[in-house]
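K.L.:
Next up, query.cif (mmCIF, C-alpha atoms).
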data_upload
#
loop_
_atom_site.label_atom_id
_atom_site.label_comp_id
_atom_site.auth_asym_id
_atom_site.auth_seq_id
_atom_site.Cartn_x
_atom_site.Cartn_y
_atom_site.Cartn_z
CA MET A 1 236.17 51.16 190.57
CA TRP A 2 235.00 47.65 189.74
CA LEU A 3 238.61 46.42 189.82
CA PHE A 4 239.04 48.05 193.23
CA LEU A 5 235.78 46.51 194.45
CA ALA A 6 236.93 43.09 193.22
CA THR A 7 240.02 43.40 195.46
CA GLU A 8 237.80 44.56 198.32
CA VAL A 9 235.60 41.47 197.88
CA LEU A 10 238.69 39.31 198.46
CA PHE A 11 239.79 41.50 201.40
CA PHE A 12 236.47 41.01 203.19
CA GLY A 13 236.28 37.43 201.87
CA ALA A 14 239.27 36.56 204.06
CA ILE A 15 237.38 37.97 207.05
CA PHE A 16 234.30 35.90 206.21
CA LEU A 17 236.52 32.82 205.87
CA THR A 18 237.90 33.55 209.34
CA TRP A 19 234.33 33.44 210.67
CA ILE A 20 233.66 30.09 208.93
CA TYR A 21 236.89 28.57 210.24
CA CYS A 22 236.66 29.85 213.81
CA ARG A 23 232.94 29.09 214.20
CA HIS A 24 233.41 25.57 212.88
CA TRP A 25 235.86 24.75 215.67
CA ASN A 26 234.13 26.80 218.38
CA PRO A 27 230.38 26.78 217.61
CA ALA A 28 229.14 26.96 221.20
CA GLY A 29 231.56 29.72 222.23
CA PHE A 30 230.82 31.69 219.06
CA ASP A 31 227.08 31.45 219.67
CA ALA A 32 227.53 32.45 223.32
CA GLY A 33 229.36 35.55 222.12
CA ALA A 34 226.76 36.34 219.44
CA GLN A 35 223.96 36.23 222.02
CA LYS A 36 225.59 39.13 223.91
CA THR A 37 225.62 41.45 220.87
CA GLN A 38 223.30 44.47 220.62
CA LEU A 39 220.74 43.10 218.17
CA ALA A 40 218.47 46.18 218.15
CA THR A 41 221.33 48.56 217.35
CA GLY A 42 222.67 46.26 214.65
CA THR A 43 219.25 45.93 213.03
CA ILE A 44 218.59 49.70 213.10
CA ASN A 45 222.00 50.24 211.54
CA THR A 46 221.18 47.76 208.77
CA VAL A 47 217.95 49.61 207.97
CA ILE A 48 219.89 52.91 208.00
CA LEU A 49 222.42 51.60 205.47
CA LEU A 50 219.78 50.07 203.18
CA THR A 51 217.92 53.39 203.24
CA SER A 52 221.11 55.32 202.50
CA SER A 53 221.72 53.19 199.39
CA LEU A 54 218.14 53.86 198.26
CA VAL A 55 218.55 57.62 198.75
CA TYR A 56 221.91 57.74 196.96
CA SER A 57 220.49 55.72 194.04
CA ALA A 58 217.64 58.24 193.85
CA GLY A 59 220.24 61.05 193.76
CA LEU A 60 221.97 59.33 190.85
CA ALA A 61 218.64 59.10 189.01
CA PHE A 62 218.06 62.82 189.66
CA ILE A 63 221.38 63.90 188.15
CA GLU A 64 220.73 61.63 185.15
CA ALA A 65 217.56 63.69 184.71
CA GLY A 66 219.51 66.94 185.19
CA ASN A 67 218.23 67.84 188.66
CA ARG A 68 221.40 68.93 190.48
CA ARG A 69 219.60 70.36 193.52
CA ARG A 70 217.91 67.02 194.27
CA LEU A 71 221.27 65.24 193.88
CA ILE A 72 222.77 67.49 196.57
CA GLN A 73 219.79 66.87 198.85
CA CYS A 74 220.01 63.10 198.36
CA CYS A 75 223.77 63.13 199.02
CA ALA A 76 223.23 65.20 202.18
CA VAL A 77 220.64 62.69 203.46
CA THR A 78 222.98 59.80 202.57
CA TRP A 79 225.81 61.50 204.45
CA ALA A 80 223.58 62.05 207.49
CA LEU A 81 222.43 58.42 207.46
CA GLY A 82 226.03 57.20 207.19
CA PHE A 83 227.07 59.46 210.05
CA SER A 84 224.15 58.16 212.16
CA PHE A 85 225.39 54.63 211.49
CA LEU A 86 228.84 55.51 212.83
CA ILE A 87 227.41 57.26 215.90
CA LEU A 88 225.24 54.24 216.73
CA LYS A 89 228.06 51.80 216.06
CA PHE A 90 231.02 53.46 217.72
CA GLY A 91 229.30 55.90 220.07
CA LEU A 92 226.59 53.63 221.48
CA GLU A 93 227.22 50.00 220.65
CA TYR A 94 230.97 49.91 221.29
CA TYR A 95 230.36 51.84 224.54
CA LYS A 96 227.87 49.20 225.70
CA ASP A 97 230.21 46.39 224.60
CA PHE A 98 233.12 47.83 226.58
CA ALA A 99 230.85 48.47 229.58
CA ALA A 100 229.71 44.83 229.44
CA LYS A 101 233.39 43.75 229.37
CA LEU A 102 233.04 42.14 225.97
CA PHE A 103 236.37 43.39 224.65
CA PRO A 104 238.59 40.27 224.53
CA GLY A 105 241.02 41.38 227.21
CA PRO A 106 241.88 40.22 230.75
CA ASP A 107 238.43 41.13 232.20
CA PHE A 108 236.43 39.41 229.47
CA ALA A 109 232.86 38.69 230.63
CA ILE A 110 232.45 35.17 229.24
CA ASN A 111 234.60 32.57 230.98
CA GLY A 112 234.72 28.81 231.41
CA ALA A 113 234.41 26.31 228.58
CA LEU A 114 232.84 28.84 226.22
CA GLY A 115 235.35 31.61 226.99
CA GLY A 116 237.88 30.72 224.25
CA GLY A 117 235.29 30.61 221.46
CA ALA A 118 233.56 33.75 222.71
CA ARG A 119 236.88 35.61 222.77
CA LEU A 120 237.51 34.56 219.17
CA PHE A 121 234.02 35.77 218.26
CA TYR A 122 234.68 39.19 219.78
CA VAL A 123 238.07 39.45 218.07
CA PHE A 124 236.18 38.85 214.80
CA TYR A 125 233.48 41.33 215.86
CA PHE A 126 235.83 44.20 216.71
CA VAL A 127 238.20 43.67 213.77
CA SER A 128 235.47 43.31 211.15
CA THR A 129 233.28 46.18 212.40
CA ALA A 130 236.30 48.48 212.78
CA LEU A 131 237.42 47.72 209.21
CA HIS A 132 233.88 48.28 207.97
CA GLY A 133 233.74 51.54 209.93
CA ILE A 134 236.95 52.74 208.27
CA HIS A 135 235.33 52.02 204.89
CA MET A 136 232.25 53.95 206.03
CA ILE A 137 234.39 56.97 206.94
CA GLY A 138 235.98 56.76 203.48
CA GLY A 139 232.47 56.67 202.00
CA LEU A 140 231.42 59.75 203.97
CA VAL A 141 234.46 61.64 202.66
CA LEU A 142 233.57 60.62 199.09
CA VAL A 143 229.89 61.58 199.44
CA GLY A 144 230.98 64.93 200.92
CA TRP A 145 233.28 65.39 197.92
CA ILE A 146 230.34 64.72 195.57
CA ILE A 147 228.26 67.34 197.43
CA LEU A 148 231.05 69.92 197.04
CA ARG A 149 231.48 69.19 193.32
CA ALA A 150 227.72 69.23 192.74
CA ARG A 151 227.48 72.63 194.49
CA ARG A 152 230.13 73.88 192.04
CA ASP A 153 227.84 72.70 189.23
CA GLU A 154 230.35 70.16 187.92
CA PHE A 155 227.79 67.46 187.12
CA SER A 156 225.21 67.27 184.38
CA PRO A 157 223.22 64.57 182.55
CA LEU A 158 226.21 64.35 180.19
CA TYR A 159 228.85 63.95 182.91
CA TYR A 160 228.15 62.34 186.28
CA THR A 161 230.69 59.46 186.35
CA PRO A 162 232.07 60.35 189.83
CA VAL A 163 228.50 60.25 191.22
CA ALA A 164 227.99 56.76 189.81
CA VAL A 165 231.42 55.55 190.98
CA VAL A 166 230.90 56.78 194.56
CA GLY A 167 227.46 55.15 194.49
CA LEU A 168 229.08 51.81 193.65
CA TYR A 169 231.45 52.17 196.58
CA TRP A 170 228.64 53.17 198.97
CA SER A 171 226.47 50.22 197.97
CA PHE A 172 229.46 47.88 198.28
CA VAL A 173 230.01 49.03 201.87
CA ASP A 174 226.29 48.36 202.36
CA VAL A 175 226.69 44.82 200.97
CA VAL A 176 229.59 44.11 203.34
CA TRP A 177 227.44 45.20 206.29
CA ILE A 178 224.52 43.02 205.15
CA VAL A 179 226.82 39.99 205.43
CA LEU A 180 228.50 41.10 208.67
CA TYR A 181 225.12 41.79 210.28
CA ALA A 182 224.02 38.18 209.75
CA LEU A 183 227.36 36.69 210.84
CA ILE A 184 227.61 38.80 213.98
CA TYR A 185 224.05 39.22 215.24
CA LEU A 186 221.87 36.48 213.76
CA VAL A 187 223.53 33.10 213.19
CA GLY A 188 224.28 32.47 216.87
CA ARG A 189 221.17 34.18 218.23
CA GLY A 190 218.61 31.40 218.76
CA SER A 191 220.86 28.43 219.53
CA MET B 1 211.83 58.55 185.77
CA THR B 2 208.81 57.82 187.98
CA LYS B 3 209.06 54.14 187.07
CA HIS B 4 212.74 54.12 188.05
CA PHE B 5 211.93 55.63 191.46
CA ARG B 6 209.14 53.11 191.93
CA ASN B 7 211.62 50.31 191.16
CA LEU B 8 214.06 51.72 193.72
CA LEU B 9 211.31 51.89 196.34
CA VAL B 10 210.17 48.33 195.60
CA THR B 11 213.81 47.20 195.89
CA TRP B 12 214.11 48.88 199.28
CA ILE B 13 210.88 47.25 200.51
CA LEU B 14 212.08 43.86 199.21
CA LEU B 15 215.34 44.32 201.12
CA LEU B 16 213.44 45.13 204.31
CA VAL B 17 211.26 42.03 203.84
CA LEU B 18 214.38 39.88 203.41
CA LEU B 19 215.93 41.55 206.45
CA GLY B 20 212.79 40.75 208.45
CA THR B 21 212.90 37.16 207.21
CA GLU B 22 216.47 36.57 208.34
CA PHE B 23 215.79 38.42 211.59
CA GLY B 24 212.80 36.15 212.32
CA ALA B 25 214.64 33.02 211.18
CA SER B 26 217.46 33.75 213.61
CA PHE B 27 215.11 32.98 216.52
CA LEU B 28 214.12 29.55 215.16
CA PRO B 29 215.40 26.65 217.27
CA LEU B 30 217.65 25.26 214.54
CA ALA B 31 220.48 22.84 215.25
CA ARG B 32 223.83 24.59 215.59
CA SER B 33 225.15 23.04 212.39
CA MET B 34 222.03 24.19 210.48
CA ARG B 35 222.13 27.80 211.66
CA PRO B 36 224.23 29.06 208.72
CA LEU B 37 221.08 28.43 206.62
CA ILE B 38 219.95 31.79 208.02
CA LEU B 39 222.42 33.24 205.50
CA ILE B 40 220.16 32.34 202.52
CA PRO B 41 218.24 35.67 202.67
CA VAL B 42 221.62 37.41 202.92
CA VAL B 43 222.69 35.98 199.56
CA LEU B 44 219.41 37.25 198.06
CA MET B 45 219.92 40.69 199.62
CA VAL B 46 223.44 40.95 198.19
CA ALA B 47 222.12 39.95 194.75
CA VAL B 48 219.31 42.54 194.97
CA VAL B 49 221.68 45.37 195.98
CA ALA B 50 224.16 44.39 193.24
CA THR B 51 221.54 44.32 190.51
CA MET B 52 219.26 47.20 191.53
CA PHE B 53 221.43 49.71 193.43
CA MET B 54 224.82 48.92 191.85
CA GLN B 55 223.20 48.12 188.49
CA VAL B 56 225.68 45.41 187.55
CA GLY B 57 223.52 44.29 184.64
CA ARG B 58 223.39 47.80 183.17
CA GLY B 59 227.15 48.25 182.94
CA PRO B 60 229.40 47.36 180.00
CA THR B 61 230.74 43.83 179.55
CA ILE B 62 234.00 44.63 181.35
CA VAL B 63 232.04 45.65 184.47
CA ARG B 64 230.09 42.41 184.46
CA LEU B 65 233.34 40.51 183.90
CA PHE B 66 234.96 42.10 186.98
CA ALA B 67 231.84 41.48 189.07
CA VAL B 68 231.69 37.81 188.04
CA ALA B 69 235.47 37.41 188.52
CA ALA B 70 235.20 38.82 192.05
CA MET B 71 232.45 36.32 192.90
CA VAL B 72 234.41 33.41 191.35
CA TRP B 73 237.60 34.23 193.31
CA LEU B 74 235.57 34.76 196.48
CA SER B 75 233.95 31.35 196.07
CA PHE B 76 237.41 29.78 195.52
CA LEU B 77 238.66 31.48 198.68
CA LEU B 78 235.70 30.37 200.79
CA VAL B 79 235.41 26.83 199.40
CA LEU B 80 239.13 26.01 199.50
CA GLY B 81 239.49 27.65 202.90
CA SER B 82 236.55 25.68 204.27
CA LEU B 83 237.74 22.32 202.99
CA ASP B 84 239.99 21.62 205.95
CA PRO B 85 237.46 22.27 208.74
CA MET B 86 234.65 20.57 206.80
CA THR B 87 236.55 17.39 205.96
CA ARG B 88 238.94 16.85 208.85
CA ILE B 89 238.13 13.78 210.97
CA GLU B 90 238.69 14.20 214.67
CA TYR B 91 239.88 11.19 216.67
CA ARG B 92 239.51 11.35 220.41
CA VAL B 93 242.69 10.72 222.36
CA GLN B 94 242.09 8.08 224.99
CA ASP B 95 242.56 9.31 228.53
CA ALA B 96 245.70 7.68 230.02
CA SER B 97 244.02 7.29 233.45
CA SER B 98 241.20 5.17 231.98
CA LYS B 99 243.57 2.44 230.69
#
What is this file in structure tokens?
P.N.:
Amino acid sequence: MWLFLATEVLFFGAIFLTWIYCRHWNPAGFDAGAQKTQLATGTINTVILLTSSLVYSAGLAFIEAGNRRRLIQCCAVTWALGFSFLILKFGLEYYKDFAAKLFPGPDFAINGALGGGARLFYVFYFVSTALHGIHMIGGLVLVGWIILRARRDEFSPLYYTPVAVVGLYWSFVDVVWIVLYALIYLVGRGS
Amino acid sequence: MTKHFRNLLVTWILLLVLLGTEFGASFLPLARSMRPLILIPVVLMVAVVATMFMQVGRGPTIVRLFAVAAMVWLSFLLVLGSLDPMTRIEYRVQDASSK
């Protein structure tokens, strides 16, 4: 899993580099785009993901102590929090973004001198959040798989490696969002 | 066990404090070139999640090696990739009509 995560770091690293490069050449347009993002939704989603990592870590501690029932409960809460994230992101936030004509197409809302940079920002926004969302869906599948295996009594204090491995993946997806949150919602906010 | 849960809770609270810090800092009237400084709490948050939730320090040496290698290659990617925009000198082309 750590080898896989190392490749994922480089995968998302290229996306972060894109942000550095594009913002350097288009700072005003990037900031104009960032100011149109849904800050409240992004912040709530960040709290949701941080909480989900806490709950999953607690579940891991429970199975280390032999409490399988608590592990299932923690995984179920983690799954629900992850699902809430996706609903807020793709059900609410994307809807508002499309309604505000922020998708970088022919009717894009920001025009004039800042239009080019703002379009680049929203290309970054949609690509990076969609890729993160795909990783979240993968995480939900894995957490669901852990719940199923735990219900079949396959984990014990002597064997819980899949629980720990899925926890690593879930926290990694959390880490990626922590960085994306700042790049998308915060850096351009007050300029 | 109880101590471990307390540590997890303290970690979560610390993460929320750092989140609040970067959230508040984003409204400061910083110069555009200085705004990436808002990312300092982000680096701390990533370190906290890696050490407390992902427990990098608790794993075997090979785990720590992969984690460090990932960070080293990421820094190479970001530093080398940023060299061009950070060091390129822009020369303004004189407008032909102003000659």
K.L.:
Using all atoms listed in the file, which residue out of A:Leu39, A:Ile178, A:Ala164, A:Ala6 lies closest to A:Ala58?
P.N.:
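Of the candidates, the smallest distance to A:Ala58 is held by A:Ala164.
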K.L.:
I'd like the neighbourhood of A:Leu49 as a ChimeraX atom specification, where a residue qualifies if any of its atoms comes within 8 Å (using all atoms listed in the file), though same-chain residues fewer than 5 positions away should be ignored.
P.N.:
/A:81-82,85,174
K.L.:
Mind listing whatever residues come within 10 Å of the point (226.1, 36.1, 203.4)? Use all atoms listed in the file, file coordinates, and give them as a list in words.
P.N.:
Phe16, Val175, Val176, Trp177, Ile178, Val179, Leu180, Tyr181, Ala182 and Leu183 of chain A; Pro36, Leu37, Ile38, Leu39, Ile40, Pro41, Val42, Val43, Leu44, Met45 and Val46 of chain B
K.L.:
Could you work out which residues of chain A fall inside 6 Å of chain B? Count all atoms listed in the file, and format the result as a ChimeraX atom specification.
P.N.:
/A:6,10,17,168,175,186-187,189-190
K.L.:
Please tell me which residues are no farther than 9 Å from (227.7, 54.7, 210.8) in the file, counting only C-alpha atoms, and write them as a ChimeraX atom specification.
P.N.:
/A:45,48-49,81-90,133,136-137
K.L.:
Of the candidates A:Val55, A:Leu148, A:Gly33, A:Ser128, which one gets nearest to A:Phe108 if we count all atoms listed in the file?
P.N.:
A:Gly33
K.L.:
What does the structure give for the distance between atom CA of A:Arg119 and atom CA of A:Asp31, in Å to one decimal?
P.N.:
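That distance, rounded to one decimal, is 11.1 Å.
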K.L.:
If you measure from atom CA of A:Ile44 to atom CA of A:Glu93, what distance in Å do you get, rounded to one decimal?
P.N.:
11.5 Å
K.L.:
Between atom CA of A:Ile146 and atom CA of A:Val163, what is the distance, to one decimal in Å?
P.N.:
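Interatomic distance, atom CA of A:Ile146 to atom CA of A:Val163: 6.5 Å.
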K.L.:
I want to know what sits within 8 Å of A:Ala118, based on only C-alpha atoms, with residues of the same chain fewer than 2 positions away left out; could you give that as an mmCIF file with C-alpha atoms, in the frame of the given file?
P.N.:
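Output saved as out25.cif:
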data_model
loop_
_atom_site.group_PDB
_atom_site.id
_atom_site.type_symbol
_atom_site.label_atom_id
_atom_site.label_comp_id
_atom_site.auth_asym_id
_atom_site.auth_seq_id
_atom_site.Cartn_x
_atom_site.Cartn_y
_atom_site.Cartn_z
ATOM 1 C CA GLY A 29 231.560 29.720 222.230
ATOM 2 C CA PHE A 30 230.820 31.690 219.060
ATOM 3 C CA ASP A 31 227.080 31.450 219.670
ATOM 4 C CA ALA A 32 227.530 32.450 223.320
ATOM 5 C CA GLY A 33 229.360 35.550 222.120
ATOM 6 C CA ALA A 34 226.760 36.340 219.440
ATOM 7 C CA ILE A 110 232.450 35.170 229.240
ATOM 8 C CA LEU A 114 232.840 28.840 226.220
ATOM 9 C CA GLY A 115 235.350 31.610 226.990
ATOM 10 C CA GLY A 116 237.880 30.720 224.250
ATOM 11 C CA LEU A 120 237.510 34.560 219.170
ATOM 12 C CA PHE A 121 234.020 35.770 218.260
ATOM 13 C CA TYR A 122 234.680 39.190 219.780
#
K.L.:
For this file, the PyMOL selection byres ((chain A and resi 159) around 12) selects which residues, as a list in words?
P.N.:
Leu60, Ile63, Glu64, Ala65, Gly66, Arg68, Arg149, Ala150, Asp153, Glu154, Phe155, Ser156, Pro157, Leu158, Tyr160, Thr161, Pro162, Val163, Ala164 and Val165 of chain A
K.L.:
Run the PyMOL selection byres ((chain A and resi 53) around 8) mentally over the shown coordinates, then write out the matched residues as a PyMOL selection string, using the chain letters and numbers from the document.
P.N.:
(chain A and resi 49-52+54-57+78+167+170-171+174) or (chain B and resi 53)
K.L.:
Which residue gives the smallest distance to A:Val141 among A:Val166, A:Val123, A:Val9, A:Ala113, with all atoms listed in the file counted?
P.N.:
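When distances to A:Val141 are compared using all atoms listed in the file, the smallest one comes from A:Val166.
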